[in-house]
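Novice: So I've got this file, data-v3.cif, and it contains mmCIF, C-alpha atoms and all ligand atoms:
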```
data_my_file
loop_
_atom_site.group_PDB
_atom_site.id
_atom_site.type_symbol
_atom_site.label_atom_id
_atom_site.label_comp_id
_atom_site.auth_asym_id
_atom_site.auth_seq_id
_atom_site.Cartn_x
_atom_site.Cartn_y
_atom_site.Cartn_z
ATOM 1 C CA MET A 297 15.151 31.403 -14.107
ATOM 2 C CA ALA A 298 14.006 29.234 -11.225
ATOM 3 C CA SER A 299 15.524 25.772 -11.124
ATOM 4 C CA GLY A 300 13.290 22.715 -11.385
ATOM 5 C CA TRP A 301 13.054 22.100 -7.665
ATOM 6 C CA GLN A 302 12.269 25.769 -6.950
ATOM 7 C CA THR A 303 9.460 25.617 -9.487
ATOM 8 C CA MET A 304 8.109 22.457 -7.883
ATOM 9 C CA LEU A 305 8.437 23.878 -4.367
ATOM 10 C CA LYS A 306 6.501 26.959 -5.466
ATOM 11 C CA ARG A 307 3.769 24.774 -6.946
ATOM 12 C CA LEU A 308 3.510 22.720 -3.747
ATOM 13 C CA LEU A 309 3.247 25.811 -1.551
ATOM 14 C CA GLU A 310 0.670 27.398 -3.823
ATOM 15 C CA GLY A 311 -1.268 24.140 -3.748
ATOM 16 C CA ASN A 312 -1.126 24.188 0.034
ATOM 17 C CA HIS A 313 -2.494 27.718 0.039
ATOM 18 C CA THR A 314 -5.426 26.570 -2.092
ATOM 19 C CA PHE A 315 -5.959 23.589 0.241
ATOM 20 C CA ARG A 316 -6.061 25.843 3.291
ATOM 21 C CA THR A 317 -8.460 28.350 1.796
ATOM 22 C CA THR A 318 -10.874 25.778 0.344
ATOM 23 C CA GLU A 319 -10.833 22.226 1.821
ATOM 24 C CA PHE A 320 -9.377 23.161 5.226
ATOM 25 C CA ALA A 321 -11.399 26.338 5.736
ATOM 26 C CA GLY A 322 -14.556 24.584 4.551
ATOM 27 C CA ASN A 323 -14.152 21.707 7.029
ATOM 28 C CA ARG A 324 -12.600 23.545 9.935
ATOM 29 C CA ASP A 325 -14.509 21.557 12.570
ATOM 30 C CA HIS A 326 -13.193 18.260 11.247
ATOM 31 C CA TYR A 327 -9.598 19.490 11.067
ATOM 32 C CA THR A 328 -9.831 20.987 14.564
ATOM 33 C CA THR A 329 -11.132 17.677 15.934
ATOM 34 C CA ILE A 330 -8.376 15.583 14.345
ATOM 35 C CA ALA A 331 -5.698 18.069 15.378
ATOM 36 C CA GLY A 332 -6.557 16.947 18.926
ATOM 37 C CA GLY A 333 -5.842 13.268 18.218
ATOM 38 C CA GLN A 334 -6.256 10.540 15.630
ATOM 39 C CA LYS A 335 -8.618 7.575 15.670
ATOM 40 C CA PRO A 336 -8.122 5.910 12.279
ATOM 41 C CA GLU A 337 -10.546 3.196 11.172
ATOM 42 C CA ALA A 338 -8.104 1.259 9.017
ATOM 43 C CA LEU A 339 -4.434 0.644 8.385
ATOM 44 C CA PHE A 340 -4.009 0.937 4.613
ATOM 45 C CA ILE A 341 -0.831 -0.558 3.159
ATOM 46 C CA CYS A 342 -0.098 0.164 -0.486
ATOM 47 C CA CYS A 343 2.643 0.800 -3.038
ATOM 48 C CA ALA A 344 4.564 4.091 -3.139
ATOM 49 C CA ASP A 345 3.461 4.453 -6.789
ATOM 50 C CA SER A 346 2.481 8.092 -7.385
ATOM 51 C CA ARG A 347 -0.690 7.115 -9.227
ATOM 52 C CA ILE A 348 -2.385 5.776 -6.098
ATOM 53 C CA GLU A 349 -4.012 8.219 -3.676
ATOM 54 C CA PRO A 350 -5.467 6.140 -0.809
ATOM 55 C CA GLY A 351 -7.696 8.890 0.579
ATOM 56 C CA LYS A 352 -9.015 9.913 -2.805
ATOM 57 C CA ILE A 353 -9.708 6.438 -4.214
ATOM 58 C CA THR A 354 -11.595 5.459 -1.061
ATOM 59 C CA GLN A 355 -13.167 8.886 -0.474
ATOM 60 C CA THR A 356 -12.001 8.862 3.141
ATOM 61 C CA LYS A 357 -11.154 11.958 5.134
ATOM 62 C CA ALA A 358 -7.942 12.964 6.891
ATOM 63 C CA GLY A 359 -7.780 10.971 10.114
ATOM 64 C CA GLU A 360 -9.543 7.857 8.803
ATOM 65 C CA LEU A 361 -6.650 5.929 7.242
ATOM 66 C CA PHE A 362 -3.366 5.072 8.916
ATOM 67 C CA VAL A 363 -1.121 4.571 5.881
ATOM 68 C CA LEU A 364 2.050 2.651 5.124
ATOM 69 C CA ARG A 365 3.493 2.938 1.646
ATOM 70 C CA ASN A 366 6.593 1.370 0.202
ATOM 71 C CA VAL A 367 7.929 0.000 -3.057
ATOM 72 C CA GLY A 368 5.666 -2.909 -4.044
ATOM 73 C CA ASN A 369 3.409 -2.935 -0.931
ATOM 74 C CA ILE A 370 5.794 -5.416 0.641
ATOM 75 C CA ILE A 371 5.839 -6.647 4.238
ATOM 76 C CA PRO A 372 9.221 -8.193 5.039
ATOM 77 C CA PRO A 373 8.916 -10.747 7.852
ATOM 78 C CA GLY A 374 10.846 -9.862 11.016
ATOM 79 C CA ASP A 375 11.173 -6.182 10.168
ATOM 80 C CA PHE A 376 11.553 -3.621 12.949
ATOM 81 C CA GLY A 377 9.625 -0.924 11.088
ATOM 82 C CA ILE A 378 6.651 -3.215 10.470
ATOM 83 C CA ALA A 379 6.694 -4.480 14.060
ATOM 84 C CA ALA A 380 6.650 -0.876 15.301
ATOM 85 C CA LEU A 381 3.857 0.037 12.896
ATOM 86 C CA LEU A 382 1.702 -2.866 14.127
ATOM 87 C CA GLU A 383 2.450 -2.078 17.739
ATOM 88 C CA PHE A 384 1.312 1.464 17.150
ATOM 89 C CA ALA A 385 -1.738 0.454 15.068
ATOM 90 C CA ILE A 386 -3.132 -2.367 17.187
ATOM 91 C CA PRO A 387 -2.617 -1.891 20.951
ATOM 92 C CA GLN A 388 -2.272 1.892 20.761
ATOM 93 C CA LEU A 389 -4.700 3.084 18.105
ATOM 94 C CA LYS A 390 -6.900 -0.040 18.267
ATOM 95 C CA ILE A 391 -7.377 -0.104 14.514
ATOM 96 C CA PRO A 392 -9.840 -2.919 13.685
ATOM 97 C CA THR A 393 -9.181 -3.259 9.920
ATOM 98 C CA ILE A 394 -6.006 -3.775 7.947
ATOM 99 C CA ILE A 395 -5.958 -3.475 4.161
ATOM 100 C CA LEU A 396 -3.105 -4.733 2.002
ATOM 101 C CA CYS A 397 -3.611 -3.145 -1.407
ATOM 102 C CA GLY A 398 -1.800 -4.120 -4.608
ATOM 103 C CA HIS A 399 -2.246 -2.449 -7.984
ATOM 104 C CA SER A 400 -2.104 -2.927 -11.741
ATOM 105 C CA GLY A 401 0.984 -1.905 -13.683
ATOM 106 C CA CYS A 402 3.231 -2.283 -10.612
ATOM 107 C CA ALA A 403 6.858 -1.706 -11.624
ATOM 108 C CA SER A 404 8.053 -3.753 -8.634
ATOM 109 C CA ILE A 405 6.228 -6.804 -9.955
ATOM 110 C CA ARG A 406 7.795 -6.369 -13.392
ATOM 111 C CA ALA A 407 11.200 -6.041 -11.716
ATOM 112 C CA LEU A 408 10.755 -9.531 -10.273
ATOM 113 C CA ASP A 409 11.775 -10.739 -13.754
ATOM 114 C CA TRP A 410 15.160 -9.020 -13.515
ATOM 115 C CA LYS A 411 18.132 -11.136 -12.586
ATOM 116 C CA PRO A 412 18.529 -11.003 -8.753
ATOM 117 C CA THR A 413 21.552 -9.016 -7.533
ATOM 118 C CA ASP A 414 22.888 -7.599 -4.268
ATOM 119 C CA GLU A 415 21.450 -4.160 -5.080
ATOM 120 C CA PRO A 416 18.820 -2.692 -2.712
ATOM 121 C CA VAL A 417 15.861 -3.073 -5.096
ATOM 122 C CA SER A 418 16.643 -6.714 -5.699
ATOM 123 C CA ARG A 419 17.204 -7.446 -1.997
ATOM 124 C CA TRP A 420 13.901 -5.753 -1.175
ATOM 125 C CA LEU A 421 12.076 -7.703 -3.890
ATOM 126 C CA ASP A 422 13.345 -10.979 -2.416
ATOM 127 C CA ASN A 423 10.344 -10.554 -0.096
ATOM 128 C CA ALA A 424 8.000 -10.855 -3.089
ATOM 129 C CA ARG A 425 9.711 -13.480 -5.283
ATOM 130 C CA GLU A 426 7.538 -16.277 -4.004
ATOM 131 C CA ALA A 427 4.487 -14.587 -5.579
ATOM 132 C CA LYS A 428 6.125 -14.870 -9.000
ATOM 133 C CA GLU A 429 7.225 -18.467 -8.359
ATOM 134 C CA ARG A 430 3.708 -19.515 -7.328
ATOM 135 C CA VAL A 431 2.134 -18.010 -10.450
ATOM 136 C CA ASP A 432 4.784 -19.378 -12.825
ATOM 137 C CA ALA A 433 4.248 -22.839 -11.348
ATOM 138 C CA ARG A 434 0.542 -22.812 -12.197
ATOM 139 C CA ILE A 435 0.312 -21.106 -15.610
ATOM 140 C CA PRO A 436 1.868 -21.984 -18.989
ATOM 141 C CA LEU A 437 4.732 -19.781 -20.222
ATOM 142 C CA PRO A 438 3.066 -16.619 -21.616
ATOM 143 C CA GLN A 439 3.553 -16.079 -25.354
ATOM 144 C CA THR A 440 1.445 -13.101 -26.429
ATOM 145 C CA GLU A 441 1.495 -9.578 -25.030
ATOM 146 C CA ASN A 442 -1.942 -10.219 -23.510
ATOM 147 C CA GLU A 443 -0.730 -13.379 -21.799
ATOM 148 C CA LYS A 444 2.323 -11.550 -20.456
ATOM 149 C CA ASN A 445 0.145 -8.795 -18.982
ATOM 150 C CA ALA A 446 -2.267 -11.372 -17.550
ATOM 151 C CA ARG A 447 0.698 -13.070 -15.861
ATOM 152 C CA TYR A 448 1.794 -9.796 -14.260
ATOM 153 C CA ARG A 449 -1.733 -9.234 -12.998
ATOM 154 C CA GLN A 450 -1.730 -12.735 -11.494
ATOM 155 C CA ILE A 451 1.587 -11.985 -9.747
ATOM 156 C CA GLU A 452 0.279 -8.624 -8.470
ATOM 157 C CA LEU A 453 -2.718 -10.451 -6.973
ATOM 158 C CA GLU A 454 -0.583 -13.274 -5.570
ATOM 159 C CA ASN A 455 1.737 -10.686 -4.015
ATOM 160 C CA VAL A 456 -1.221 -9.294 -2.066
ATOM 161 C CA ARG A 457 -1.903 -12.792 -0.671
ATOM 162 C CA LEU A 458 1.791 -13.374 0.063
ATOM 163 C CA GLN A 459 2.221 -10.059 1.882
ATOM 164 C CA ILE A 460 -0.870 -10.791 4.000
ATOM 165 C CA GLU A 461 0.812 -14.087 4.931
ATOM 166 C CA HIS A 462 3.912 -12.092 5.899
ATOM 167 C CA LEU A 463 1.782 -9.731 7.992
ATOM 168 C CA LEU A 464 0.406 -12.711 9.894
ATOM 169 C CA THR A 465 3.937 -13.835 10.843
ATOM 170 C CA TYR A 466 3.936 -10.917 13.313
ATOM 171 C CA PRO A 467 2.722 -12.497 16.586
ATOM 172 C CA LEU A 468 0.994 -9.333 17.793
ATOM 173 C CA LEU A 469 -1.194 -9.214 14.690
ATOM 174 C CA LYS A 470 -1.773 -12.982 14.536
ATOM 175 C CA LYS A 471 -3.021 -12.914 18.119
ATOM 176 C CA ALA A 472 -5.332 -9.964 17.410
ATOM 177 C CA VAL A 473 -6.721 -11.684 14.291
ATOM 178 C CA ASP A 474 -7.270 -14.975 16.153
ATOM 179 C CA ALA A 475 -9.095 -13.060 18.904
ATOM 180 C CA ARG A 476 -11.204 -11.332 16.187
ATOM 181 C CA ARG A 477 -10.066 -7.904 17.264
ATOM 182 C CA VAL A 478 -8.556 -7.207 13.840
ATOM 183 C CA GLU A 479 -9.542 -8.246 10.308
ATOM 184 C CA VAL A 480 -7.122 -8.267 7.387
ATOM 185 C CA TYR A 481 -8.293 -7.857 3.779
ATOM 186 C CA GLY A 482 -6.605 -7.792 0.396
ATOM 187 C CA LEU A 483 -7.570 -5.232 -2.237
ATOM 188 C CA TYR A 484 -6.389 -4.582 -5.783
ATOM 189 C CA TYR A 485 -6.471 -1.173 -7.422
ATOM 190 C CA ASP A 486 -6.868 -0.966 -11.196
ATOM 191 C CA LEU A 487 -5.123 2.136 -12.532
ATOM 192 C CA GLY A 488 -7.041 1.914 -15.795
ATOM 193 C CA SER A 489 -10.537 1.976 -14.274
ATOM 194 C CA GLY A 490 -10.025 3.408 -10.773
ATOM 195 C CA GLU A 491 -11.724 0.326 -9.342
ATOM 196 C CA LEU A 492 -10.780 -1.381 -6.077
ATOM 197 C CA THR A 493 -11.630 -5.079 -5.914
ATOM 198 C CA ARG A 494 -11.303 -7.622 -3.152
ATOM 199 C CA VAL A 495 -8.447 -10.149 -3.312
ATOM 200 C CA THR A 496 -9.208 -13.470 -1.648
HETATM 201 ZN ZN ZN B 1 3.627 -0.577 -7.367
#
```
Could you write out this file's structure as structure tokens?

Specialist:
Amino acid sequence: MASGWQTMLKRLLEGNHTFRTTEFAGNRDHYTTIAGGQKPEALFICCADSRIEPGKITQTKAGELFVLRNVGNIIPPGDFGIAALLEFAIPQLKIPTIILCGHSGCASIRALDWKPTDEPVSRWLDNAREAKERVDARIPLPQTENEKNARYRQIELENVRLQIEHLLTYPLLKKAVDARRVEVYGLYYDLGSGELTRVT
């Protein structure tokens, strides 16, 4: 009997075969064009959560979104990877729009209530703790299940604002935004309805 990973690998390769014979073959011109070079319209930053498919939820094609995903859609200030991403996205690819997208039911946001430790998840989430602190400072202690969920939603939204603030600590991006070459927007994806809404 095939082991779990062999079964999954088989499924992925069969899926790829279906992709090639339907989507790829049906849009050969588009795929040939983008094989020659990319010119994405937006940098889309979102959580690694498996339930979010940036291309599908925005109905964009391959080549339109330059994507960064990580646990909790977090932008640590002073990070080499983020600096490199922005350097690639702005002066090189000249992407005019940056989206920072949070989502409902984010496990990273719930994990902000765990006791901080030296473990990697906790260290990573240090970059988002301020979102929780801001929300807890402005709402009463939640009592009911509904209030607890509403608090998490508030923190998910505040985390979008906080991570946009972190993005703007990168001088290259700040300069591009000030010169109106780049615009940065916050979005929030609701897993229950499939809706994307603006976060201001
Ligand atoms: Zn998440």

Novice: Taking all atoms listed in the file into account, report as a CSV table (one decimal) with C-alpha atoms, keeping the file's coordinate frame which residues have an atom no farther than 6 Å from an atom of ligand ZN 1 (chain B).

Specialist:
```csv
chain,number,residue,atom,x,y,z
A,343,CYS,CA,2.6,0.8,-3.0
A,345,ASP,CA,3.5,4.5,-6.8
A,368,GLY,CA,5.7,-2.9,-4.0
A,402,CYS,CA,3.2,-2.3,-10.6
A,403,ALA,CA,6.9,-1.7,-11.6
A,404,SER,CA,8.1,-3.8,-8.6
```

Novice: Which is closer to Ala433 in chain A than all the others in A:Ala446, A:Ile451, A:Cys342, A:Val478, using only C-alpha atoms?

Specialist: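 Of A:Ala446, A:Ile451, A:Cys342, A:Val478, the one nearest Ala433 in chain A is A:Ile451, counting only C-alpha atoms.
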
Novice: What are the closest atom pairs, with distances in Å to one decimal, for all residues of range 362-392 of chain A lying within 12 Å of range 316-334 of chain A? Consider only C-alpha atoms, order rows by chain and residue number, and present the result as a tab-separated table.

Specialist:
```
residue	atom	partner	partner_atom	distance
A:Phe362	CA	A:Gln334	CA	9.1
A:Phe384	CA	A:Gln334	CA	11.9
A:Ala385	CA	A:Gln334	CA	11.1
A:Gln388	CA	A:Gln334	CA	10.8
A:Leu389	CA	A:Gln334	CA	8.0
A:Lys390	CA	A:Gln334	CA	10.9
A:Ile391	CA	A:Gln334	CA	10.8
```

Novice: Could you give me, as a PyMOL selection string, the residues within 12 Å of Lys411 in chain A, counting only C-alpha atoms and dropping anything in the same chain fewer than 4 positions from it?

Specialist: chain A and resi 406-407+415+417-419+421-422+425

Novice: Kindly save the residues from that selection, with C-alpha atoms included, as a PDB file, in the coordinates of the input.

Specialist:
```
ATOM      1  CA  ARG A 406       7.795  -6.369 -13.392  1.00  0.00           C
ATOM      2  CA  ALA A 407      11.200  -6.041 -11.716  1.00  0.00           C
ATOM      3  CA  GLU A 415      21.450  -4.160  -5.080  1.00  0.00           C
ATOM      4  CA  VAL A 417      15.861  -3.073  -5.096  1.00  0.00           C
ATOM      5  CA  SER A 418      16.643  -6.714  -5.699  1.00  0.00           C
ATOM      6  CA  ARG A 419      17.204  -7.446  -1.997  1.00  0.00           C
ATOM      7  CA  LEU A 421      12.076  -7.703  -3.890  1.00  0.00           C
ATOM      8  CA  ASP A 422      13.345 -10.979  -2.416  1.00  0.00           C
ATOM      9  CA  ARG A 425       9.711 -13.480  -5.283  1.00  0.00           C
TER      10      ARG A 425
END
```

Novice: Would you work out the distance separating CA of Pro438 in chain A from CA of Val456 in chain A, expressed in Å to one decimal?

Specialist: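 Straight-line distance from CA of Pro438 in chain A to CA of Val456 in chain A works out to 21.3 Å.
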
Novice: Measure the distance from CA of Ala344 in chain A to CA of Pro467 in chain A in Å and round it to one decimal.

Specialist: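 Atom-to-atom, CA of Ala344 in chain A and CA of Pro467 in chain A are spaced 25.8 Å apart.
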
Novice: Under the PyMOL selection byres (((chain A and resi 378-381) around 10) and not hetatm), which residues of this model are included? Write them out as a VMD selection string.

Specialist: chain A and resid 339 362 to 364 371 to 377 382 to 386 463 466 to 469

Novice: Rounded to one decimal, what separation in Å do you get between CA of Ile405 in chain A and CA of Arg449 in chain A?

Specialist: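 Taking CA of Ile405 in chain A and CA of Arg449 in chain A, their separation equals 8.9 Å.
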
Novice: Which one of A:Ile435, A:Ala427, A:Ile460, A:Leu487 sits closest to Glu349 in chain A if you count only C-alpha atoms?

Specialist: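 Ranked by minimum distance to Glu349 in chain A, first place goes to A:Leu487.
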
Novice: Quick check on the file I pasted: which residues fall under the PyMOL selection byres (((chain A and resi 352-357) around 10) and not hetatm)? Write them as a ChimeraX atom specification.

Specialist: /A:326-327,336-337,348-351,358-361,485,490-492

Novice: Deliver the residues from the most recent selection as a file, using C-alpha atoms, as a CSV table (one decimal), keeping the file's coordinate frame.

Specialist:
```
chain,number,residue,atom,x,y,z
A,326,HIS,CA,-13.2,18.3,11.2
A,327,TYR,CA,-9.6,19.5,11.1
A,336,PRO,CA,-8.1,5.9,12.3
A,337,GLU,CA,-10.5,3.2,11.2
A,348,ILE,CA,-2.4,5.8,-6.1
A,349,GLU,CA,-4.0,8.2,-3.7
A,350,PRO,CA,-5.5,6.1,-0.8
A,351,GLY,CA,-7.7,8.9,0.6
A,358,ALA,CA,-7.9,13.0,6.9
A,359,GLY,CA,-7.8,11.0,10.1
A,360,GLU,CA,-9.5,7.9,8.8
A,361,LEU,CA,-6.6,5.9,7.2
A,485,TYR,CA,-6.5,-1.2,-7.4
A,490,GLY,CA,-10.0,3.4,-10.8
A,491,GLU,CA,-11.7,0.3,-9.3
A,492,LEU,CA,-10.8,-1.4,-6.1
```

Novice: Taking into account all atoms listed in the file, which residue in the set A:Arg434, A:Arg457, A:His399, A:Arg347 is nearest to Val495 in chain A?

Specialist: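 Nearest candidate to Val495 in chain A out of A:Arg434, A:Arg457, A:His399, A:Arg347: A:Arg457.
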
Novice: Determine the nearest neighbour of Arg430 in chain A from the options A:Leu453, A:Gly401, A:Leu308, A:Asn445, counting only C-alpha atoms.

Specialist: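 That would be A:Leu453, the residue with the smallest distance to Arg430 in chain A.
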